[in-house]
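Here the structure is laid out as structure tokens; the discussion comes afterwards.
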Amino acid sequence: MKKLKNVLLVSTMILFLAGCGNMMNTPTKKVEEFLGKYQTQDKEVLDQLDDVIKDAGTMVDDQKDQYRDLMKKQYQNLSYKIKDDKEDGDNATVEVEIEVYDYGKAIRDAESYLVTNRSEFLDENTQMVDSKKFLDYKIDKMKGIKDKVKYTINFTLTKVDDEWKLDNISDVDRQKLHGLYY
């Protein structure tokens, strides 16, 4: 009798674990996993951020550090709501409303300020805009942002070998996710 109970217990646990695996293989769960990596500042996300910053040739090291801190703050404070999900065979779309700091507003305002106050950013020798001065100004504007903005992103997924895979997101959607869209 005891042996039968153990067999039933093990069988139940196997079925439960198999069911949990399938529960994580839904389009919505895959999107939540993707966004969760941003919120928890997953190593993969931070490595991608470092690669982007490394390729930003006009930034000096101090600016890169400040920008990285701004993005980490953005990721940590990212919030989202799943609005809808639709499956059509091996394709799916998950509509998500995200809320992020509105760094795009800071960038817009900085660029607008540059147009009307160009002389403040001129290099004394070349009389051209000093990109370091302007970037410092733009980063300071971004640091002052407290307002958040909401965007809708439609994530698309494809089922490959019975596993839902998130398709690459567009540059526009990536800008929205980082709060840089304007």
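Starting from 1 in every chain, residues are counted up; chains themselves are A, B, ... following the order of the structure tokens, and ligands are numbered from 1 as listed.
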_Based on the backbone DSSP call, show me all residues of stretch 7-181 of chain A assigned alpha helix (DSSP H), as a count of residues only._
93
*asked:* Residues of stretch 1-115 of chain A classed as strand (DSSP E or B) by DSSP on the backbone are to be reported as a PyMOL selection string.
replied: chain A and resi 79-88+91-101
Keeping C-alpha atoms for every residue in the selection just given, could you write it to a file as a short mmCIF file (atom, residue, chain, number, x, y, z; two decimals), in the first residue's frame?
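In the end it all went to out00.cif:
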```cif
data_model
loop_
_atom_site.label_atom_id
_atom_site.label_comp_id
_atom_site.auth_asym_id
_atom_site.auth_seq_id
_atom_site.Cartn_x
_atom_site.Cartn_y
_atom_site.Cartn_z
CA SER A 79 5.66 48.94 -15.50
CA TYR A 80 3.30 47.21 -17.89
CA LYS A 81 -0.18 45.79 -18.35
CA ILE A 82 -1.08 43.02 -20.76
CA LYS A 83 -4.06 44.38 -22.70
CA ASP A 84 -4.76 41.56 -25.15
CA ASP A 85 -3.29 38.42 -26.64
CA LYS A 86 -4.28 36.67 -29.84
CA GLU A 87 -3.08 33.35 -31.15
CA ASP A 88 -3.47 32.37 -34.79
CA ASN A 91 1.67 33.19 -34.71
CA ALA A 92 0.61 35.36 -31.81
CA THR A 93 0.37 39.01 -30.86
CA VAL A 94 0.45 40.32 -27.30
CA GLU A 95 -0.66 43.92 -26.82
CA VAL A 96 1.06 45.57 -23.88
CA GLU A 97 0.72 49.02 -22.37
CA ILE A 98 4.02 50.10 -20.85
CA GLU A 99 4.74 53.06 -18.63
CA VAL A 100 8.25 54.54 -18.61
CA TYR A 101 10.04 57.77 -17.75
#
```
Using only C-alpha atoms, find each residue in stretch 101-170 of chain A having at least one atom no more than 9 Å away from stretch 61-75 of chain A; report its shortest atom-to-atom pair and that distance in Å (one decimal), rows by chain then rising number, as a Markdown table.
```
| residue | atom | partner | partner_atom | distance |
| --- | --- | --- | --- | --- |
| A:Tyr101 | CA | A:Gln74 | CA | 6.3 |
| A:Lys132 | CA | A:Gln63 | CA | 8.7 |
| A:Leu135 | CA | A:Gln63 | CA | 7.7 |
| A:Asp136 | CA | A:Gln63 | CA | 7.1 |
| A:Ile139 | CA | A:Tyr67 | CA | 7.0 |
| A:Met142 | CA | A:Leu70 | CA | 7.7 |
| A:Lys143 | CA | A:Leu70 | CA | 7.0 |
```
For the selection you just gave me, I'd like the residues written to a file as a PDB file, in the first residue's frame, keeping N, CA and C atoms.
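To be explicit, this is the file written out as again.pdb:
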```pdb
ATOM      1  N   TYR A 101       9.673  56.365 -17.857  1.00  0.00           N
ATOM      2  CA  TYR A 101      10.044  57.769 -17.750  1.00  0.00           C
ATOM      3  C   TYR A 101      10.110  58.374 -19.147  1.00  0.00           C
ATOM      4  N   LYS A 132      30.079  67.569 -26.654  1.00  0.00           N
ATOM      5  CA  LYS A 132      30.187  67.216 -25.233  1.00  0.00           C
ATOM      6  C   LYS A 132      29.325  68.143 -24.382  1.00  0.00           C
ATOM      7  N   LEU A 135      25.688  67.219 -25.025  1.00  0.00           N
ATOM      8  CA  LEU A 135      25.332  65.944 -24.411  1.00  0.00           C
ATOM      9  C   LEU A 135      25.215  66.069 -22.902  1.00  0.00           C
ATOM     10  N   ASP A 136      26.099  66.829 -22.279  1.00  0.00           N
ATOM     11  CA  ASP A 136      25.986  67.074 -20.838  1.00  0.00           C
ATOM     12  C   ASP A 136      24.640  67.724 -20.515  1.00  0.00           C
ATOM     13  N   ILE A 139      21.797  65.090 -21.003  1.00  0.00           N
ATOM     14  CA  ILE A 139      21.782  64.113 -19.917  1.00  0.00           C
ATOM     15  C   ILE A 139      21.231  64.743 -18.639  1.00  0.00           C
ATOM     16  N   MET A 142      17.573  64.780 -18.919  1.00  0.00           N
ATOM     17  CA  MET A 142      17.020  63.442 -18.711  1.00  0.00           C
ATOM     18  C   MET A 142      16.991  63.087 -17.225  1.00  0.00           C
ATOM     19  N   LYS A 143      18.018  63.482 -16.495  1.00  0.00           N
ATOM     20  CA  LYS A 143      18.063  63.209 -15.050  1.00  0.00           C
ATOM     21  C   LYS A 143      16.913  63.883 -14.309  1.00  0.00           C
TER      22      LYS A 143
END
```
*For the atom pair atom CA of A:Gly104 and atom CA of A:Gln41, what is the interatomic distance in Å to one decimal place?*
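Answer for the atom CA of A:Gly104 to atom CA of A:Gln41 separation: 21.0 Å.
Shortest atom-to-atom contact with A:Asp147 among A:Gly179, A:Glu33, A:Gln76, A:Lys43: A:Gly179, counting only C-alpha atoms.
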*In Å, with one decimal, what is the gap from atom CA of A:Thr40 to atom CA of A:Leu177?*
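Pair atom CA of A:Thr40 / atom CA of A:Leu177 returns 14.5 Å.
When only C-alpha atoms are used to compute distances to A:Lys29, the closest of the residues A:Leu180, A:Leu122, A:Leu157, A:Leu114 turns out to be A:Leu157.
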